[in-house]
Amino acid sequence: MSDRQLLVGPFNRVEGDLEIALDVREGRVVEARANSPLFRGFEMMLQGKAPSDALTLTPRICGICSISQSAAAALALADAGAVTMPPQGRLAAAILHGVENLCDHISHFALFFMPDFARPVYAGRGWHDRAVARYTAQEGSAVRPLIEARAQLFHIVGLLGGKWPHTLAIQPGGVTRAPDARDRIRIQTTLRAARRVLERELFGGSLEDFAALGSVAACEGWTRGDVALFSEISADLGLEAIGVGPRRYLSCGAYPLAEGRVTRSGVWEGGAVSEFDPGEIVEDVSHAWMLGDAAHPAQGATLPDEDMAEPGYSWCKAPRLGGRTVEVGALARQVVDGHPLALGLADEGSVRARIAGRLLEIARTVLWLEDWAAALDPGAVFMDPAPSLREGVGVGLVEAARGTLGHWIAVEKGRIARYQIVAPTTWNFSPRDAGGVPGPVEAALVGAPVGEGETTPVMVQHVVRSFDPCMVCTVH
Amino acid sequence: MNILWLQSAGCGGCTMSLLCAENPNVLDTLGDAGIEFLWHPSLSVETGCEVQALLGSVERGEIALDVLCFEGSVVTGPRGTGKFHMLAGTGRSMLDWVRALAPMAEHVVAVGTCAAFGGITAAGGNPAGAVGLQYDGRQKGAALDEGFTSRSGLPVINVAGCPTHPAWVTETLLMLAGGALGAGDLDALARPRFYADHLVHHGCTKNEFYEYKASARTLCEMGCMMEHLGCVGTQAVGDCNIRPWNGEGSCTRGNYPCIACTAPEFEEPGHPFTETPTIAGIPVGLPSDMPKAWFMALASLSKAATPQRIERNAHSDRLVQAPSVKARK
């Protein structure tokens with residue numbers, strides 16, 4: 001039994017709207033329910049449309065993961081039509097996607113996650129003055145340079161992809177714009193400028209050195225930049241023991257280049273990585289305001305329950321892999337890829353682990369982008385136009401900033417007959433399933449401390465934001 | 001000037017685009033002009049109860065609200081209840097909130113085409129019953145009444161775009177702060193004329209191809225995209241090619257068509273977005289203010305007169321023939 005119930009919302013500094021219901025007993029969360037309170041119905045909108053319209057409509061599911069949605073749609077259409085992108089088209093698409101993922105991680109750290117440590121509730125802590133100086137919302141000295149670095153990085157998308165968000169540049173057959181030698185130089189220049197800001201503001205050292213950290217102890221021994229500030233805060237607040245997820249991590253492998261995906265695909269659990277079989281995905285709807293039965297996304301439907309009947313409490317379906325919850329995101333991706341620092345954090349599965357995983361991925365992504373830009377061949381073919389699709393089924397799996405994103409499409413007589421999407425935060429913020437098993441964030445919140453007078457518990461905020469939820473993707 | 005910024009049934013992309021503002025960054029652009037956020041979902045520290053208290057204060061008139069910025073459409077479903085978006089923690093629909101808060105504001109700004117007209121969220125049969133603040137597509141009267149005016153006497157200001165260019169939003173706000181945006185500065189759909197009086201066609205880098213109707217046949221050719229690929233830049237309002245996006249970009253510079261994302265009902269063009277419907281080979285949508293007969297006459301003449309350089313480049317994915325260097329006269 002709980003002695004207090006809290007309804008937390010509007011939950012901001014996440015993308016979209018979020019409501020968390022908490023049962024609290026003796027100063028700890030004993031049960032949590034995550035409600036994704038907005039329904040739009042993109043999967044319903046897509047039915048009956050021309051297949052190519054998915055490339056215009058699905059990026060607009062999300063203004064922060066827009067290229068991820070676009071890349072997943074392009075891959076699903078390519079799969080359904082049995083077409084492939086030329087190698088340089090894949091490279092250009094990876095650059096577009098990598099820039100978005102990198103920028104999302106920067107936004108998360110500077111705008112969404114760190115400002116909570118500048119709250120007055122932490123006044124008197126040894127690190128508080130520095131947190132206030134660096135990350136006070138809209139004012140901290142780190143906020144402007146990082147927002148500016150992000151805006152500059154998106155120049156790469158402006159150049160290669162027209163604009164951000166909502167580019168239409170990524171197509172099943174490649175990318176629409178063939179970069180020339182001058183474009184490549186601009187991209188490299190922009191990346192060097194971004195590297196300088198990140199090394200100065202965030203890491204206090206070289207990206208190579210941070211990406212080469214081989215253990216949690218080595219990361220804790222990183223004494224420079226805001227990385228060290230976060231480590232100090234984390235150690236003081238015990239964030240290595242808070243917000244522990246399922247410690248089962250899924251990644252489909254990021255950035256499909258011609259020679260294979262840049263990071264590995266798989267499911268990590270208990271130190272072992274097994275193959276990821278998308279056939280094992282089932283979306284449960286028992287606690288969603290959805291009608292119908294649990295189904296694989298290739299057979300799934302989206303039928304909102306207009307009566308919002310119990311036991312439903314969210315518009316989000318509950319995807320399960322082999323019947324079980326999995327966590328997705330930067331940490332999951334790095335763990336499945338086998339990076340030694342991430343492997344050291346995998347069992348911990350905490351708030352700290354998620355943030356460290358994201359910082360690690362910031363460093364690695366800049367290095368990847370630099371390699372890809374150097375490998376751009378201005379003389380190459382960037383697109384083989386795909387014929388229009390009449391019949392077919394396909395799946396597109398990509399790694400968005402927040403984790404594994406899948407699009408499943410069925411085309412009949414030249415029209416979309418079925419379109420289903422499972423987004424990263426659908427995995428992480430799913431409601432309970434038919435067995436009553438809570439979703440990853442719901443489970444991670446159990447045990448979070450709640451201060452006596454707290455109505456919007458700050459530790460709950462750290463846990464929720466450590467996942468970097470994107471609520472507009474979640475329900476779509 | 002203070003701003004309360006609310007997000008509902010959209011993608012959040014107009015805020016994400018706003019964060020790309022430059023020279024100076026968004027915080028300085030607004031802050032230097034004395035514009036501050038009472039609350040913004042992505043930028044403000046306040047969450048949960050703190051926000052509930054703030055909304056209550058604004059609703060009761062205890063805090064004078066200068067600008068209500070609303071991003072995303074307003075969902076009216078299911079069955080007119082608005083329950084497809086209950087604002088978290090409040091037990092009230094966003095439809096209810098917007099009707100309560102809009103009359104309290106000196107100005108109401110719809111940020112993005114969703115908030116202005118319903119936008120993408122209203123596509124494909126509109127499963128959530130999405131409408132704009134003051135327009136349901138082209139029809140006036142939506143979440144707010146047809147005759148709604150904010151305390152300033154202006155209707156909802158529709159900064160339409162999907163997403164909005166960061167400067168469309170910042171400059172609208174700067175003009176409001178400076179008292180420089182009146183009824184005459186809005187077009188027939190209440191869009192700020194400083195960007196809506198231009199066409200996307202203005203400054204399009206494909207204009208030479210357009211002049212000769214040297215048309216791309218697929219999305220990796222450089223030619224004009226009007227004839228085959230659904231581009232409506234000659235009819236769409238926006239200064240996208242006058243002041244580009246994210247440094248040097250625009251949709252047409254990215255080599256994909258303008259889909260008139262600043263217009264009501266752009267989400268349902270009645271044909272696939274990247275295909276141009278034609279009747280007897282003539283595109284259905286002709287350039288704004290251009291008589292059909294003239295267009296046909298000029299098009300056939302210019303097609304016949306297309307220089308080889310332009311014809312070759314139009315059907316290539318990159319520039320293959322440079323303009324010849326003129327000899328000295």
# chains A, B, ... in the order shown; residues from 1 in each chain; ligands from 1

call {"tool": "residues_around", "arguments": {"residues": "Glu46 in chain B", "least_positions_apart": "5", "cutoff": "8 Å", "atoms": "only C-alpha atoms", "output": "VMD selection string"}}
result
(chain A and resid 12) or (chain B and resid 39 51)

call {"tool": "interface_residues", "arguments": {"of": "chain B", "to": "chain A", "cutoff": "6 Å", "atoms": "only C-alpha atoms", "output": "PDB file with N, CA and C atoms, in the first residue's frame"}}
result
ATOM      1  N   CYS B  11       4.719  17.790 -33.844  1.00  0.00           N
ATOM      2  CA  CYS B  11       5.935  16.988 -33.700  1.00  0.00           C
ATOM      3  C   CYS B  11       6.971  17.676 -32.840  1.00  0.00           C
ATOM      4  N   GLY B  12       6.720  18.936 -32.444  1.00  0.00           N
ATOM      5  CA  GLY B  12       7.734  19.686 -31.702  1.00  0.00           C
ATOM      6  C   GLY B  12       8.824  20.243 -32.594  1.00  0.00           C
ATOM      7  N   GLY B  13       8.691  20.039 -33.891  1.00  0.00           N
ATOM      8  CA  GLY B  13       9.753  20.436 -34.815  1.00  0.00           C
ATOM      9  C   GLY B  13       9.908  21.932 -34.982  1.00  0.00           C
ATOM     10  N   CYS B  20      17.552  26.460 -33.869  1.00  0.00           N
ATOM     11  CA  CYS B  20      18.582  26.639 -34.899  1.00  0.00           C
ATOM     12  C   CYS B  20      18.750  28.113 -35.277  1.00  0.00           C
ATOM     13  N   PRO B  41       8.222  24.465 -23.027  1.00  0.00           N
ATOM     14  CA  PRO B  41       8.377  23.042 -22.698  1.00  0.00           C
ATOM     15  C   PRO B  41       9.811  22.522 -22.825  1.00  0.00           C
ATOM     16  N   SER B  42      10.585  23.063 -23.751  1.00  0.00           N
ATOM     17  CA  SER B  42      11.939  22.529 -23.948  1.00  0.00           C
ATOM     18  C   SER B  42      13.006  23.330 -23.216  1.00  0.00           C
ATOM     19  N   SER B  44      12.429  25.666 -20.309  1.00  0.00           N
ATOM     20  CA  SER B  44      12.232  26.123 -18.930  1.00  0.00           C
ATOM     21  C   SER B  44      12.526  25.023 -17.925  1.00  0.00           C
ATOM     22  N   VAL B  45      12.966  25.437 -16.742  1.00  0.00           N
ATOM     23  CA  VAL B  45      13.273  24.437 -15.717  1.00  0.00           C
ATOM     24  C   VAL B  45      11.993  23.912 -15.073  1.00  0.00           C
ATOM     25  N   THR B  47       8.615  22.288 -14.021  1.00  0.00           N
ATOM     26  CA  THR B  47       7.910  21.097 -14.493  1.00  0.00           C
ATOM     27  C   THR B  47       6.814  20.751 -13.489  1.00  0.00           C
ATOM     28  N   GLY B  48       5.865  19.931 -13.931  1.00  0.00           N
ATOM     29  CA  GLY B  48       4.837  19.411 -13.021  1.00  0.00           C
ATOM     30  C   GLY B  48       4.065  20.500 -12.305  1.00  0.00           C
ATOM     31  N   PRO B  78     -11.554  12.292 -29.104  1.00  0.00           N
ATOM     32  CA  PRO B  78     -12.643  11.614 -29.781  1.00  0.00           C
ATOM     33  C   PRO B  78     -13.993  12.297 -29.505  1.00  0.00           C
ATOM     34  N   PHE B  84      -8.022  13.276 -26.864  1.00  0.00           N
ATOM     35  CA  PHE B  84      -6.816  12.737 -27.499  1.00  0.00           C
ATOM     36  C   PHE B  84      -5.571  13.500 -27.035  1.00  0.00           C
ATOM     37  N   HIS B  85      -5.744  14.640 -26.397  1.00  0.00           N
ATOM     38  CA  HIS B  85      -4.634  15.222 -25.640  1.00  0.00           C
ATOM     39  C   HIS B  85      -5.138  15.883 -24.362  1.00  0.00           C
ATOM     40  N   MET B  86      -5.036  15.137 -23.278  1.00  0.00           N
ATOM     41  CA  MET B  86      -5.275  15.707 -21.955  1.00  0.00           C
ATOM     42  C   MET B  86      -3.931  16.236 -21.473  1.00  0.00           C
ATOM     43  N   ALA B  88      -0.951  16.827 -19.514  1.00  0.00           N
ATOM     44  CA  ALA B  88      -0.483  16.006 -18.399  1.00  0.00           C
ATOM     45  C   ALA B  88      -0.586  16.737 -17.065  1.00  0.00           C
ATOM     46  N   GLY B  89      -1.035  16.019 -16.077  1.00  0.00           N
ATOM     47  CA  GLY B  89      -1.074  16.532 -14.712  1.00  0.00           C
ATOM     48  C   GLY B  89      -2.239  17.453 -14.417  1.00  0.00           C
ATOM     49  N   ALA B 123      -3.948  15.044 -41.671  1.00  0.00           N
ATOM     50  CA  ALA B 123      -3.858  14.272 -42.918  1.00  0.00           C
ATOM     51  C   ALA B 123      -4.631  12.956 -42.808  1.00  0.00           C
ATOM     52  N   GLY B 124      -4.853  12.346 -43.980  1.00  0.00           N
ATOM     53  CA  GLY B 124      -5.346  10.967 -44.023  1.00  0.00           C
ATOM     54  C   GLY B 124      -6.600  10.688 -43.236  1.00  0.00           C
ATOM     55  N   PRO B 127      -7.556  11.291 -38.134  1.00  0.00           N
ATOM     56  CA  PRO B 127      -8.057  10.393 -37.086  1.00  0.00           C
ATOM     57  C   PRO B 127      -8.220  11.034 -35.701  1.00  0.00           C
ATOM     58  N   ALA B 128      -7.451  12.082 -35.416  1.00  0.00           N
ATOM     59  CA  ALA B 128      -7.547  12.680 -34.079  1.00  0.00           C
ATOM     60  C   ALA B 128      -8.433  13.923 -34.063  1.00  0.00           C
ATOM     61  N   LEU B 219      14.070  12.356 -58.598  1.00  0.00           N
ATOM     62  CA  LEU B 219      14.551  13.233 -57.529  1.00  0.00           C
ATOM     63  C   LEU B 219      16.071  13.333 -57.446  1.00  0.00           C
ATOM     64  N   CYS B 220      16.802  12.696 -58.352  1.00  0.00           N
ATOM     65  CA  CYS B 220      18.249  12.908 -58.318  1.00  0.00           C
ATOM     66  C   CYS B 220      18.721  13.684 -59.543  1.00  0.00           C
ATOM     67  N   TRP B 245      17.751  27.973 -45.261  1.00  0.00           N
ATOM     68  CA  TRP B 245      17.581  27.225 -44.017  1.00  0.00           C
ATOM     69  C   TRP B 245      18.899  26.570 -43.601  1.00  0.00           C
ATOM     70  N   ASN B 246      19.133  26.515 -42.302  1.00  0.00           N
ATOM     71  CA  ASN B 246      20.291  25.784 -41.768  1.00  0.00           C
ATOM     72  C   ASN B 246      21.543  26.095 -42.572  1.00  0.00           C
ATOM     73  N   GLY B 247      21.836  27.371 -42.663  1.00  0.00           N
ATOM     74  CA  GLY B 247      23.024  27.769 -43.410  1.00  0.00           C
ATOM     75  C   GLY B 247      22.684  28.069 -44.855  1.00  0.00           C
ATOM     76  N   GLU B 248      22.741  27.052 -45.701  1.00  0.00           N
ATOM     77  CA  GLU B 248      22.587  27.294 -47.142  1.00  0.00           C
ATOM     78  C   GLU B 248      21.446  26.503 -47.772  1.00  0.00           C
ATOM     79  N   GLY B 249      20.585  25.893 -46.976  1.00  0.00           N
ATOM     80  CA  GLY B 249      19.639  24.942 -47.543  1.00  0.00           C
ATOM     81  C   GLY B 249      18.267  25.497 -47.850  1.00  0.00           C
ATOM     82  N   SER B 250      17.494  24.685 -48.532  1.00  0.00           N
ATOM     83  CA  SER B 250      16.053  24.845 -48.714  1.00  0.00           C
ATOM     84  C   SER B 250      15.598  23.526 -49.305  1.00  0.00           C
ATOM     85  N   CYS B 251      14.293  23.307 -49.364  1.00  0.00           N
ATOM     86  CA  CYS B 251      13.829  22.042 -49.939  1.00  0.00           C
ATOM     87  C   CYS B 251      14.334  21.894 -51.370  1.00  0.00           C
ATOM     88  N   ARG B 253      16.794  23.348 -52.853  1.00  0.00           N
ATOM     89  CA  ARG B 253      18.260  23.200 -52.909  1.00  0.00           C
ATOM     90  C   ARG B 253      18.681  21.801 -52.462  1.00  0.00           C
ATOM     91  N   GLY B 254      17.859  21.195 -51.630  1.00  0.00           N
ATOM     92  CA  GLY B 254      18.098  19.803 -51.252  1.00  0.00           C
ATOM     93  C   GLY B 254      17.673  18.844 -52.350  1.00  0.00           C
ATOM     94  N   ASN B 255      17.141  19.403 -53.438  1.00  0.00           N
ATOM     95  CA  ASN B 255      16.743  18.620 -54.618  1.00  0.00           C
ATOM     96  C   ASN B 255      15.460  17.824 -54.406  1.00  0.00           C
ATOM     97  N   PRO B 272       0.126  12.046 -54.912  1.00  0.00           N
ATOM     98  CA  PRO B 272       1.365  11.828 -54.146  1.00  0.00           C
ATOM     99  C   PRO B 272       2.201  13.110 -54.112  1.00  0.00           C
TER     100      PRO B 272
END

call {"tool": "residues_around", "arguments": {"residues": "Met175 in chain B", "least_positions_apart": "5", "cutoff": "12 Å", "atoms": "only C-alpha atoms", "output": "list in words"}}
result
Met1, Leu30, Ala33, Ile35, His107, Ile157, Ala167, Trp168, Val169, Thr170, Ala180, Leu181, Gly182, Asp185, Pro192, Arg193 and Phe194 of chain B

call {"tool": "residues_around", "arguments": {"residues": "range 90-101 of chain B", "least_positions_apart": "5", "cutoff": "8 Å", "atoms": "only C-alpha atoms", "output": "number ranges by chain"}}
result
A: 9-10; B: 8, 52, 58-59, 68, 74-76, 81-85, 143-144

call {"tool": "write_last_selection", "arguments": {"atoms": "C-alpha atoms", "output": "tab-separated table (two decimals), in the first residue's frame"}}
result
chain	number	residue	atom	x	y	z
A	9	GLY	CA	2.88	16.60	-15.33
A	10	PRO	CA	3.23	18.46	-17.54
B	8	SER	CA	0.00	19.92	-28.43
B	52	GLN	CA	0.19	23.80	-13.15
B	58	VAL	CA	-2.43	33.07	-16.12
B	59	GLU	CA	-5.96	31.74	-16.40
B	68	LEU	CA	0.53	32.81	-26.08
B	74	VAL	CA	-5.51	21.13	-31.33
B	75	VAL	CA	-7.12	17.70	-31.29
B	76	THR	CA	-10.88	17.72	-30.92
B	81	THR	CA	-14.03	15.91	-26.29
B	82	GLY	CA	-10.41	16.82	-26.96
B	83	LYS	CA	-9.35	13.82	-24.89
B	84	PHE	CA	-6.82	12.74	-27.50
B	85	HIS	CA	-4.63	15.22	-25.64
B	143	ALA	CA	-10.50	25.58	-31.71
B	144	LEU	CA	-11.18	29.31	-31.35

call {"tool": "closest_residue", "arguments": {"among": "A:Ala181, A:Leu191, A:Ala330, A:Ala211", "to": "Gly357 in chain A", "atoms": "only C-alpha atoms"}}
result
A:Ala330

call {"tool": "select_by_dssp", "arguments": {"residues": "range 124-228 of chain B", "states": "alpha helix (DSSP H)", "output": "count of residues only"}}
result
21
